[in-house]
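One file, entry28.csv, is given below (CSV, C-alpha atoms).
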```
chain,number,residue,atom,x,y,z
A,1,MET,CA,56.1,-114.3,-34.3
A,2,ASP,CA,57.9,-114.4,-37.7
A,3,ILE,CA,60.8,-116.7,-37.0
A,4,ALA,CA,62.5,-115.9,-40.4
A,5,THR,CA,62.7,-112.2,-39.5
A,6,ILE,CA,64.3,-113.0,-36.1
A,7,ILE,CA,66.8,-115.4,-37.6
A,8,GLY,CA,67.7,-113.0,-40.3
A,9,ALA,CA,68.2,-110.1,-37.8
A,10,LEU,CA,70.3,-112.3,-35.5
A,11,ILE,CA,72.6,-113.4,-38.4
A,12,SER,CA,73.1,-109.9,-39.9
A,13,PHE,CA,73.6,-108.0,-36.6
A,14,GLY,CA,75.5,-110.9,-35.1
A,15,LEU,CA,78.1,-110.9,-37.9
A,16,VAL,CA,78.5,-107.1,-37.9
A,17,PHE,CA,78.9,-106.9,-34.1
A,18,GLN,CA,81.3,-109.8,-34.1
A,19,ALA,CA,83.5,-107.9,-36.6
A,20,MET,CA,83.2,-104.7,-34.5
A,21,ALA,CA,84.2,-106.6,-31.3
A,22,GLY,CA,87.6,-107.4,-32.7
A,23,GLY,CA,90.5,-105.0,-32.0
A,24,SER,CA,89.4,-101.9,-30.0
A,25,GLY,CA,86.0,-103.3,-29.2
A,26,ILE,CA,82.4,-102.2,-29.9
A,27,GLY,CA,83.0,-99.0,-27.8
A,28,GLY,CA,85.0,-97.5,-30.6
A,29,PHE,CA,82.0,-97.7,-33.0
A,30,ILE,CA,79.7,-95.7,-30.7
A,31,ASP,CA,79.5,-92.0,-31.4
A,32,VAL,CA,76.4,-90.1,-30.1
A,33,PRO,CA,76.6,-87.1,-32.6
A,34,SER,CA,76.8,-89.6,-35.5
A,35,LEU,CA,73.7,-91.5,-34.2
A,36,GLY,CA,71.9,-88.2,-33.8
A,37,ILE,CA,72.6,-87.2,-37.4
A,38,VAL,CA,71.5,-90.5,-38.9
A,39,PHE,CA,68.5,-91.4,-36.7
A,40,GLY,CA,67.4,-87.8,-36.0
A,41,GLY,CA,67.8,-86.8,-39.6
A,42,THR,CA,65.9,-89.8,-40.9
A,43,LEU,CA,63.1,-89.3,-38.5
A,44,GLY,CA,62.9,-85.6,-39.3
A,45,SER,CA,62.8,-86.4,-43.0
A,46,MET,CA,59.9,-88.9,-42.5
A,47,LEU,CA,57.9,-86.3,-40.6
A,48,MET,CA,58.5,-83.7,-43.4
A,49,ASN,CA,57.6,-86.2,-46.1
A,50,PHE,CA,54.5,-87.9,-44.5
A,51,PRO,CA,51.7,-86.9,-42.1
A,52,ALA,CA,52.6,-87.5,-38.5
A,53,ARG,CA,49.7,-90.0,-38.1
A,54,GLN,CA,51.0,-92.1,-40.9
A,55,CYS,CA,54.5,-92.1,-39.5
A,56,ALA,CA,53.2,-93.1,-36.1
A,57,SER,CA,51.2,-96.0,-37.6
A,58,VAL,CA,54.2,-97.5,-39.2
A,59,ALA,CA,55.4,-99.1,-36.0
A,60,LYS,CA,52.0,-100.6,-35.3
A,61,VAL,CA,51.6,-102.0,-38.8
A,62,THR,CA,55.1,-103.4,-38.8
A,63,MET,CA,54.7,-105.1,-35.4
A,64,HIS,CA,51.4,-106.5,-36.5
A,65,THR,CA,53.0,-107.9,-39.6
A,66,LEU,CA,55.9,-109.5,-37.6
A,67,VAL,CA,54.0,-110.7,-34.6
A,68,PHE,CA,50.5,-111.6,-35.9
A,69,LYS,CA,50.4,-115.2,-37.2
A,70,MET,CA,48.4,-115.4,-40.4
A,71,SER,CA,46.4,-118.5,-41.3
A,72,THR,CA,47.2,-120.4,-44.4
A,73,PRO,CA,44.9,-120.7,-47.4
A,74,THR,CA,44.5,-124.4,-46.7
A,75,ASP,CA,43.2,-123.6,-43.2
A,76,GLU,CA,40.8,-121.1,-44.5
A,77,ILE,CA,39.4,-123.5,-47.1
A,78,GLU,CA,38.8,-126.1,-44.4
A,79,ARG,CA,37.0,-123.6,-42.2
A,80,ILE,CA,34.9,-122.3,-45.0
A,81,VAL,CA,33.9,-125.8,-46.1
A,82,GLU,CA,33.0,-126.6,-42.4
A,83,TYR,CA,30.8,-123.5,-42.3
A,84,ALA,CA,29.2,-124.4,-45.6
A,85,ASN,CA,28.3,-127.8,-44.3
A,86,LEU,CA,26.8,-126.3,-41.1
A,87,ALA,CA,24.8,-123.7,-43.1
A,88,ARG,CA,23.5,-126.4,-45.4
A,89,ARG,CA,22.3,-128.6,-42.6
A,90,GLU,CA,21.0,-126.1,-40.1
A,91,GLY,CA,20.7,-122.8,-42.1
A,92,LEU,CA,22.7,-119.6,-42.1
A,93,LEU,CA,21.6,-118.6,-38.6
A,94,ALA,CA,23.5,-121.6,-37.2
A,95,LEU,CA,26.7,-119.8,-38.1
A,96,GLU,CA,26.2,-117.2,-35.4
A,97,ASP,CA,27.3,-119.6,-32.7
A,98,LYS,CA,30.6,-120.0,-34.6
A,99,LEU,CA,31.5,-116.3,-34.5
A,100,GLN,CA,32.7,-116.4,-30.9
A,101,GLY,CA,35.6,-118.6,-31.8
A,102,VAL,CA,36.7,-116.5,-34.8
A,103,ASP,CA,39.9,-114.5,-34.3
A,104,ASP,CA,40.0,-112.8,-37.7
A,105,PRO,CA,37.8,-109.7,-37.7
A,106,PHE,CA,37.5,-109.7,-41.5
A,107,PHE,CA,36.2,-113.2,-41.6
A,108,ALA,CA,33.9,-112.6,-38.7
A,109,LYS,CA,32.5,-109.4,-40.3
A,110,GLY,CA,31.7,-111.3,-43.6
A,111,ILE,CA,29.9,-114.1,-41.7
A,112,GLN,CA,27.9,-111.6,-39.7
A,113,LEU,CA,26.8,-109.8,-42.9
A,114,VAL,CA,25.6,-113.2,-44.2
A,115,ILE,CA,23.7,-113.9,-41.0
A,116,ASP,CA,22.1,-110.4,-41.1
A,117,GLY,CA,20.7,-111.2,-44.5
A,118,PHE,CA,22.4,-108.7,-46.7
A,119,PRO,CA,22.3,-109.4,-50.5
A,120,VAL,CA,25.2,-111.3,-52.0
A,121,GLU,CA,26.5,-108.3,-54.0
A,122,THR,CA,26.3,-106.1,-50.9
A,123,VAL,CA,28.4,-108.6,-48.9
A,124,ARG,CA,30.9,-108.8,-51.7
A,125,ASP,CA,31.2,-105.0,-52.0
A,126,ILE,CA,31.6,-104.4,-48.3
A,127,MET,CA,34.3,-107.1,-47.9
A,128,GLU,CA,36.2,-106.1,-51.0
A,129,LEU,CA,36.2,-102.5,-49.7
A,130,GLU,CA,37.5,-103.7,-46.3
A,131,ALA,CA,40.2,-105.8,-48.0
A,132,ASP,CA,41.3,-102.9,-50.2
A,133,TRP,CA,41.5,-100.6,-47.1
A,134,GLN,CA,43.8,-103.1,-45.3
A,135,PHE,CA,46.0,-103.4,-48.4
A,136,GLN,CA,46.3,-99.6,-48.7
A,137,ARG,CA,47.3,-99.4,-45.0
A,138,HIS,CA,50.1,-101.8,-45.5
A,139,SER,CA,51.2,-100.1,-48.7
A,140,ALA,CA,51.3,-96.7,-46.9
A,141,GLY,CA,53.5,-98.2,-44.2
A,142,ARG,CA,55.8,-99.7,-46.8
A,143,LYS,CA,56.2,-96.4,-48.6
A,144,VAL,CA,57.3,-94.7,-45.3
A,145,LEU,CA,59.9,-97.4,-44.7
A,146,GLU,CA,61.2,-97.3,-48.2
A,147,SER,CA,61.5,-93.5,-48.0
A,148,ALA,CA,63.4,-93.8,-44.7
A,149,ALA,CA,65.6,-96.4,-46.2
A,150,ALA,CA,66.5,-94.0,-49.0
A,151,THR,CA,67.1,-91.2,-46.6
A,152,ALA,CA,69.3,-92.9,-44.0
A,153,PRO,CA,72.4,-93.4,-46.2
A,154,ALA,CA,72.0,-89.8,-47.4
A,155,PHE,CA,72.2,-88.5,-43.8
A,156,GLY,CA,75.2,-90.8,-43.3
A,157,MET,CA,76.8,-89.0,-46.2
A,158,VAL,CA,75.9,-85.6,-44.6
A,159,GLY,CA,77.6,-86.7,-41.4
A,160,THR,CA,80.6,-87.7,-43.5
A,161,LEU,CA,80.8,-84.3,-45.1
A,162,ILE,CA,80.5,-82.6,-41.7
A,163,GLY,CA,83.3,-84.7,-40.3
A,164,LEU,CA,85.5,-84.0,-43.3
A,165,VAL,CA,84.9,-80.3,-43.0
A,166,LYS,CA,85.8,-80.3,-39.3
A,167,MET,CA,88.9,-82.4,-40.0
A,168,LEU,CA,90.1,-80.1,-42.9
A,169,ALA,CA,89.4,-77.0,-40.9
A,170,ASN,CA,91.7,-78.2,-38.0
A,171,LEU,CA,94.6,-79.8,-39.8
A,172,SER,CA,96.9,-77.9,-37.5
A,173,ASN,CA,95.4,-79.7,-34.4
A,174,PRO,CA,95.9,-83.5,-34.5
A,175,ASP,CA,93.4,-84.1,-31.7
A,176,ASP,CA,90.5,-82.6,-33.8
A,177,ILE,CA,91.5,-84.6,-36.9
A,178,GLY,CA,90.7,-87.9,-35.1
A,179,ALA,CA,87.3,-86.6,-33.9
A,180,GLY,CA,86.3,-85.4,-37.3
A,181,MET,CA,87.3,-88.6,-39.0
A,182,SER,CA,85.3,-90.6,-36.4
A,183,VAL,CA,82.1,-88.7,-37.2
A,184,ALA,CA,82.8,-88.9,-40.9
A,185,LEU,CA,83.1,-92.7,-41.0
A,186,LEU,CA,80.6,-93.7,-38.3
A,187,THR,CA,77.7,-91.7,-39.8
A,188,THR,CA,78.2,-93.5,-43.1
A,189,LEU,CA,78.3,-96.8,-41.2
A,190,TYR,CA,75.1,-96.0,-39.2
A,191,GLY,CA,73.2,-94.9,-42.3
A,192,ALA,CA,74.1,-98.1,-44.2
A,193,MET,CA,73.2,-100.3,-41.3
A,194,LEU,CA,69.9,-98.6,-40.6
A,195,ALA,CA,68.9,-98.8,-44.3
A,196,ASN,CA,70.1,-102.2,-45.2
A,197,MET,CA,69.7,-104.1,-42.0
A,198,VAL,CA,66.4,-102.7,-40.7
A,199,LEU,CA,64.3,-100.5,-43.0
A,200,ILE,CA,64.7,-102.3,-46.4
A,201,PRO,CA,64.1,-105.8,-44.9
A,202,LEU,CA,61.0,-104.5,-43.0
A,203,ALA,CA,59.6,-102.8,-46.1
A,204,GLY,CA,60.1,-106.1,-48.0
A,205,LYS,CA,58.4,-108.1,-45.3
A,206,LEU,CA,55.5,-105.7,-45.4
A,207,GLU,CA,55.1,-106.2,-49.1
A,208,VAL,CA,55.2,-110.0,-48.9
A,209,ARG,CA,52.7,-110.0,-46.0
A,210,ALA,CA,50.4,-107.6,-47.9
A,211,LYS,CA,50.3,-109.9,-50.9
A,212,GLU,CA,49.6,-112.9,-48.7
A,213,GLU,CA,46.8,-111.1,-47.0
A,214,VAL,CA,45.3,-110.1,-50.3
A,215,LEU,CA,45.2,-113.7,-51.4
A,216,LEU,CA,43.6,-114.7,-48.1
A,217,ARG,CA,41.0,-111.9,-48.3
A,218,ASP,CA,40.0,-112.8,-51.8
A,219,LEU,CA,39.7,-116.5,-50.8
A,220,MET,CA,37.5,-115.5,-47.9
A,221,VAL,CA,35.3,-113.3,-50.0
A,222,GLU,CA,34.6,-116.0,-52.5
A,223,GLY,CA,34.0,-118.6,-49.8
A,224,ILE,CA,31.6,-116.5,-47.8
A,225,VAL,CA,29.7,-115.4,-50.9
A,226,ALA,CA,29.4,-119.0,-52.0
A,227,ILE,CA,28.1,-120.0,-48.5
A,228,GLN,CA,25.4,-117.3,-48.7
A,229,SER,CA,24.5,-118.5,-52.3
A,230,GLY,CA,23.8,-122.0,-50.9
A,231,GLU,CA,26.4,-123.7,-53.1
A,232,LYS,CA,27.4,-127.3,-52.2
A,233,PRO,CA,30.4,-127.6,-49.8
A,234,GLN,CA,32.3,-129.8,-52.3
A,235,LEU,CA,31.8,-127.3,-55.1
A,236,ILE,CA,33.0,-124.5,-52.8
A,237,LYS,CA,36.1,-126.5,-51.9
A,238,GLU,CA,36.9,-127.2,-55.6
A,239,LYS,CA,36.4,-123.5,-56.4
A,240,LEU,CA,38.6,-122.3,-53.6
A,241,LYS,CA,41.4,-124.8,-54.5
A,242,SER,CA,42.2,-122.5,-57.4
A,243,PHE,CA,43.8,-120.2,-54.9
A,244,LEU,CA,46.4,-122.9,-54.0
A,245,ALA,CA,49.5,-124.1,-55.7
A,246,PRO,CA,49.2,-127.6,-57.3
A,247,SER,CA,51.2,-129.2,-54.4
A,248,ALA,CA,48.9,-127.6,-51.8
A,249,ARG,CA,45.9,-128.9,-53.7
A,250,VAL,CA,47.1,-132.4,-53.3
A,251,ALA,CA,47.8,-131.8,-49.6
A,252,ILE,CA,44.3,-130.6,-48.9
A,253,GLU,CA,42.8,-133.7,-50.6
A,254,ASP,CA,44.9,-135.9,-48.3
```
Could you render the structure as structure tokens?
Amino acid sequence: MDIATIIGALISFGLVFQAMAGGSGIGGFIDVPSLGIVFGGTLGSMLMNFPARQCASVAKVTMHTLVFKMSTPTDEIERIVEYANLARREGLLALEDKLQGVDDPFFAKGIQLVIDGFPVETVRDIMELEADWQFQRHSAGRKVLESAAATAPAFGMVGTLIGLVKMLANLSNPDDIGAGMSVALLTTLYGAMLANMVLIPLAGKLEVRAKEEVLLRDLMVEGIVAIQSGEKPQLIKEKLKSFLAPSARVAIED
């Protein structure tokens, strides 16, 4: 689980709800028609703008990004060097026993291709194609979230206009003025909260995770190809250290 995302959500929502709780209480900030305009309108716009399958996959990609714990480049270098030592001592077929303990399907697929005896360039092409597909999937999810983030405040403004029209059309009836003003203000609030407290942060997190995953995939590709080429484990380690920041390079030596 991504602790930073949880902490950020608790801080932002906690402060907003604390401010709402003062005075008349949170109940005064709940309006079902306003929620319908913002959430329903944003969802409808997503379905019009993107294929239904792509919209449905956003939740899965987002949850995978937030829940799935990615390994670090340092961990992957250590694992690759371990596999390189084993392959050098006992041959590439000895790596097959290691596959049962591999949780990452991408890494497991690369090692299996090596065990099956595919040429180096074929292994590289297949793994790079797989990595590119995963990056495109995250990019597609990010685009949907960014589009929804741009749309939500717009529907908040739509609700505001609806509320103002209702209010101005019934100036002679004081009871209707209050209801119209409520819809006008709350839809703007809901649109701003949905965009800035949910959609934009999730899109940003997807972008960060996608870049981290690209780095890991590139590291794995180079490491697995080096194992298949029979390079010395120490040489592989030095080569893969180029993926690390200088401080992390010192740490892996220690």
- request: Compare A:Val144, A:Leu10, A:Val102, A:Ala184 by their minimum atom-to-atom distance to Met46 of chain A, counting all atoms listed in the file, and give me the closest one.
  value: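 Among the listed residues, A:Val144 lies closest to Met46 of chain A.
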Closest atom pairs, residues of segment 11-104 of chain A within 9 Å of segment 217-237 of chain A, only C-alpha atoms, as JSON lines:
```
{"residue": "A:Pro73", "atom": "CA", "partner": "A:Leu219", "partner_atom": "CA", "distance": 7.5}
{"residue": "A:Glu76", "atom": "CA", "partner": "A:Met220", "partner_atom": "CA", "distance": 7.3}
{"residue": "A:Ile77", "atom": "CA", "partner": "A:Lys237", "partner_atom": "CA", "distance": 6.6}
{"residue": "A:Glu78", "atom": "CA", "partner": "A:Lys237", "partner_atom": "CA", "distance": 8.0}
{"residue": "A:Ile80", "atom": "CA", "partner": "A:Gly223", "partner_atom": "CA", "distance": 6.1}
{"residue": "A:Val81", "atom": "CA", "partner": "A:Pro233", "partner_atom": "CA", "distance": 5.4}
{"residue": "A:Glu82", "atom": "CA", "partner": "A:Pro233", "partner_atom": "CA", "distance": 7.9}
{"residue": "A:Tyr83", "atom": "CA", "partner": "A:Ile227", "partner_atom": "CA", "distance": 7.6}
{"residue": "A:Ala84", "atom": "CA", "partner": "A:Ile227", "partner_atom": "CA", "distance": 5.4}
{"residue": "A:Asn85", "atom": "CA", "partner": "A:Pro233", "partner_atom": "CA", "distance": 5.9}
{"residue": "A:Ala87", "atom": "CA", "partner": "A:Ile227", "partner_atom": "CA", "distance": 7.3}
{"residue": "A:Arg88", "atom": "CA", "partner": "A:Gly230", "partner_atom": "CA", "distance": 7.0}
{"residue": "A:Leu92", "atom": "CA", "partner": "A:Gln228", "partner_atom": "CA", "distance": 7.5}
```
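The two atoms in question, atom CA of Ser12 of chain A and atom CA of Leu43 of chain A, are spaced 22.9 Å apart.
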message: Ranking A:Ala140, A:Val67, A:Val32, A:Leu15 by minimum distance to Phe50 of chain A and counting only C-alpha atoms, which one comes first?
response: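 Ranked by minimum distance to Phe50 of chain A, first place goes to A:Ala140.
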field: Pairwise distance for atom CA of Lys143 of chain A and atom CA of Leu202 of chain A, rounded to one decimal in Å
entry: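 A separation of 11.0 Å between them.
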- request: Tell me which of A:Thr122, A:Ser34, A:Thr72, A:Thr62 sits closest to His138 of chain A, counting all atoms listed in the file.
  value: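 Of A:Thr122, A:Ser34, A:Thr72, A:Thr62, the one nearest His138 of chain A, counting all atoms listed in the file, is A:Thr62.
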- request: Would you mind reading off the distance between atom CA of Val16 of chain A and atom CA of Leu189 of chain A, one decimal, in Å?
  value: 10.8 Å
message: Quick one: residues within 10 Å of Pro33 of chain A, all atoms listed in the file, excluding same-chain residues fewer than 2 positions away - as a list in words?
response: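 So the residues in contact are Ile30, Asp31, Leu35, Gly36, Ile37, Val38, Gly40, Gly159, Val183, Leu186 and Thr187 of chain A.
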Please complete segment 186-219 of chain A so it has N, CA and C atoms, and hand it over as a PDB file, keeping the file's coordinate frame.
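result.pdb written:
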```
ATOM      1  N   LEU A 186      81.691 -93.001 -39.050  1.00  0.00           N
ATOM      2  CA  LEU A 186      80.600 -93.700 -38.300  1.00  0.00           C
ATOM      3  C   LEU A 186      79.237 -93.306 -38.818  1.00  0.00           C
ATOM      4  N   THR A 187      79.034 -92.080 -39.238  1.00  0.00           N
ATOM      5  CA  THR A 187      77.700 -91.700 -39.800  1.00  0.00           C
ATOM      6  C   THR A 187      77.406 -92.507 -41.043  1.00  0.00           C
ATOM      7  N   THR A 188      78.398 -92.713 -41.884  1.00  0.00           N
ATOM      8  CA  THR A 188      78.200 -93.500 -43.100  1.00  0.00           C
ATOM      9  C   THR A 188      77.852 -94.966 -42.697  1.00  0.00           C
ATOM     10  N   LEU A 189      78.548 -95.493 -41.684  1.00  0.00           N
ATOM     11  CA  LEU A 189      78.300 -96.800 -41.200  1.00  0.00           C
ATOM     12  C   LEU A 189      76.853 -96.956 -40.648  1.00  0.00           C
ATOM     13  N   TYR A 190      76.450 -95.992 -39.803  1.00  0.00           N
ATOM     14  CA  TYR A 190      75.100 -96.000 -39.200  1.00  0.00           C
ATOM     15  C   TYR A 190      74.028 -95.939 -40.283  1.00  0.00           C
ATOM     16  N   GLY A 191      74.233 -95.063 -41.255  1.00  0.00           N
ATOM     17  CA  GLY A 191      73.200 -94.900 -42.300  1.00  0.00           C
ATOM     18  C   GLY A 191      73.067 -96.193 -43.119  1.00  0.00           C
ATOM     19  N   ALA A 192      74.198 -96.842 -43.444  1.00  0.00           N
ATOM     20  CA  ALA A 192      74.100 -98.100 -44.200  1.00  0.00           C
ATOM     21  C   ALA A 192      73.485 -99.203 -43.400  1.00  0.00           C
ATOM     22  N   MET A 193      73.798 -99.292 -42.116  1.00  0.00           N
ATOM     23  CA  MET A 193      73.200-100.300 -41.300  1.00  0.00           C
ATOM     24  C   MET A 193      71.718-100.132 -41.095  1.00  0.00           C
ATOM     25  N   LEU A 194      71.314 -98.897 -40.825  1.00  0.00           N
ATOM     26  CA  LEU A 194      69.900 -98.600 -40.600  1.00  0.00           C
ATOM     27  C   LEU A 194      69.082 -98.935 -41.865  1.00  0.00           C
ATOM     28  N   ALA A 195      69.607 -98.560 -43.026  1.00  0.00           N
ATOM     29  CA  ALA A 195      68.900 -98.800 -44.300  1.00  0.00           C
ATOM     30  C   ALA A 195      68.836-100.244 -44.662  1.00  0.00           C
ATOM     31  N   ASN A 196      70.000-100.906 -44.667  1.00  0.00           N
ATOM     32  CA  ASN A 196      70.100-102.200 -45.200  1.00  0.00           C
ATOM     33  C   ASN A 196      69.823-103.371 -44.253  1.00  0.00           C
ATOM     34  N   MET A 197      69.890-103.086 -42.962  1.00  0.00           N
ATOM     35  CA  MET A 197      69.700-104.100 -42.000  1.00  0.00           C
ATOM     36  C   MET A 197      68.341-104.001 -41.248  1.00  0.00           C
ATOM     37  N   VAL A 198      67.674-102.855 -41.407  1.00  0.00           N
ATOM     38  CA  VAL A 198      66.400-102.700 -40.700  1.00  0.00           C
ATOM     39  C   VAL A 198      65.289-102.228 -41.654  1.00  0.00           C
ATOM     40  N   LEU A 199      65.448-101.081 -42.280  1.00  0.00           N
ATOM     41  CA  LEU A 199      64.300-100.500 -43.000  1.00  0.00           C
ATOM     42  C   LEU A 199      63.981-101.230 -44.296  1.00  0.00           C
ATOM     43  N   ILE A 200      64.968-101.541 -45.122  1.00  0.00           N
ATOM     44  CA  ILE A 200      64.700-102.300 -46.400  1.00  0.00           C
ATOM     45  C   ILE A 200      64.113-103.650 -46.120  1.00  0.00           C
ATOM     46  N   PRO A 201      64.692-104.451 -45.190  1.00  0.00           N
ATOM     47  CA  PRO A 201      64.100-105.800 -44.900  1.00  0.00           C
ATOM     48  C   PRO A 201      62.650-105.652 -44.378  1.00  0.00           C
ATOM     49  N   LEU A 202      62.373-104.669 -43.511  1.00  0.00           N
ATOM     50  CA  LEU A 202      61.000-104.500 -43.000  1.00  0.00           C
ATOM     51  C   LEU A 202      60.038-104.114 -44.080  1.00  0.00           C
ATOM     52  N   ALA A 203      60.472-103.238 -44.983  1.00  0.00           N
ATOM     53  CA  ALA A 203      59.600-102.800 -46.100  1.00  0.00           C
ATOM     54  C   ALA A 203      59.314-104.041 -46.998  1.00  0.00           C
ATOM     55  N   GLY A 204      60.334-104.862 -47.241  1.00  0.00           N
ATOM     56  CA  GLY A 204      60.100-106.100 -48.000  1.00  0.00           C
ATOM     57  C   GLY A 204      59.183-107.045 -47.377  1.00  0.00           C
ATOM     58  N   LYS A 205      59.312-107.200 -46.058  1.00  0.00           N
ATOM     59  CA  LYS A 205      58.400-108.100 -45.300  1.00  0.00           C
ATOM     60  C   LYS A 205      56.985-107.616 -45.379  1.00  0.00           C
ATOM     61  N   LEU A 206      56.801-106.306 -45.273  1.00  0.00           N
ATOM     62  CA  LEU A 206      55.500-105.700 -45.400  1.00  0.00           C
ATOM     63  C   LEU A 206      54.834-106.024 -46.727  1.00  0.00           C
ATOM     64  N   GLU A 207      55.637-105.911 -47.779  1.00  0.00           N
ATOM     65  CA  GLU A 207      55.100-106.200 -49.100  1.00  0.00           C
ATOM     66  C   GLU A 207      54.697-107.624 -49.285  1.00  0.00           C
ATOM     67  N   VAL A 208      55.534-108.536 -48.780  1.00  0.00           N
ATOM     68  CA  VAL A 208      55.200-110.000 -48.900  1.00  0.00           C
ATOM     69  C   VAL A 208      53.939-110.279 -48.100  1.00  0.00           C
ATOM     70  N   ARG A 209      53.854-109.769 -46.871  1.00  0.00           N
ATOM     71  CA  ARG A 209      52.700-110.000 -46.000  1.00  0.00           C
ATOM     72  C   ARG A 209      51.424-109.428 -46.653  1.00  0.00           C
ATOM     73  N   ALA A 210      51.556-108.253 -47.250  1.00  0.00           N
ATOM     74  CA  ALA A 210      50.400-107.600 -47.900  1.00  0.00           C
ATOM     75  C   ALA A 210      49.854-108.477 -49.016  1.00  0.00           C
ATOM     76  N   LYS A 211      50.752-109.050 -49.818  1.00  0.00           N
ATOM     77  CA  LYS A 211      50.300-109.900 -50.900  1.00  0.00           C
ATOM     78  C   LYS A 211      49.673-111.186 -50.387  1.00  0.00           C
ATOM     79  N   GLU A 212      50.243-111.746 -49.317  1.00  0.00           N
ATOM     80  CA  GLU A 212      49.600-112.900 -48.700  1.00  0.00           C
ATOM     81  C   GLU A 212      48.249-112.630 -48.171  1.00  0.00           C
ATOM     82  N   GLU A 213      48.121-111.461 -47.563  1.00  0.00           N
ATOM     83  CA  GLU A 213      46.800-111.100 -47.000  1.00  0.00           C
ATOM     84  C   GLU A 213      45.797-110.844 -48.085  1.00  0.00           C
ATOM     85  N   VAL A 214      46.204-110.265 -49.209  1.00  0.00           N
ATOM     86  CA  VAL A 214      45.300-110.100 -50.300  1.00  0.00           C
ATOM     87  C   VAL A 214      44.746-111.399 -50.824  1.00  0.00           C
ATOM     88  N   LEU A 215      45.632-112.389 -50.937  1.00  0.00           N
ATOM     89  CA  LEU A 215      45.200-113.700 -51.400  1.00  0.00           C
ATOM     90  C   LEU A 215      44.197-114.316 -50.405  1.00  0.00           C
ATOM     91  N   LEU A 216      44.481-114.204 -49.103  1.00  0.00           N
ATOM     92  CA  LEU A 216      43.600-114.700 -48.100  1.00  0.00           C
ATOM     93  C   LEU A 216      42.214-114.037 -48.129  1.00  0.00           C
ATOM     94  N   ARG A 217      42.253-112.705 -48.264  1.00  0.00           N
ATOM     95  CA  ARG A 217      41.000-111.900 -48.300  1.00  0.00           C
ATOM     96  C   ARG A 217      40.150-112.301 -49.494  1.00  0.00           C
ATOM     97  N   ASP A 218      40.779-112.431 -50.647  1.00  0.00           N
ATOM     98  CA  ASP A 218      40.000-112.800 -51.800  1.00  0.00           C
ATOM     99  C   ASP A 218      39.416-114.198 -51.677  1.00  0.00           C
ATOM    100  N   LEU A 219      40.176-115.108 -51.077  1.00  0.00           N
ATOM    101  CA  LEU A 219      39.700-116.500 -50.800  1.00  0.00           C
ATOM    102  C   LEU A 219      38.462-116.412 -49.896  1.00  0.00           C
TER     103      LEU A 219
END
```
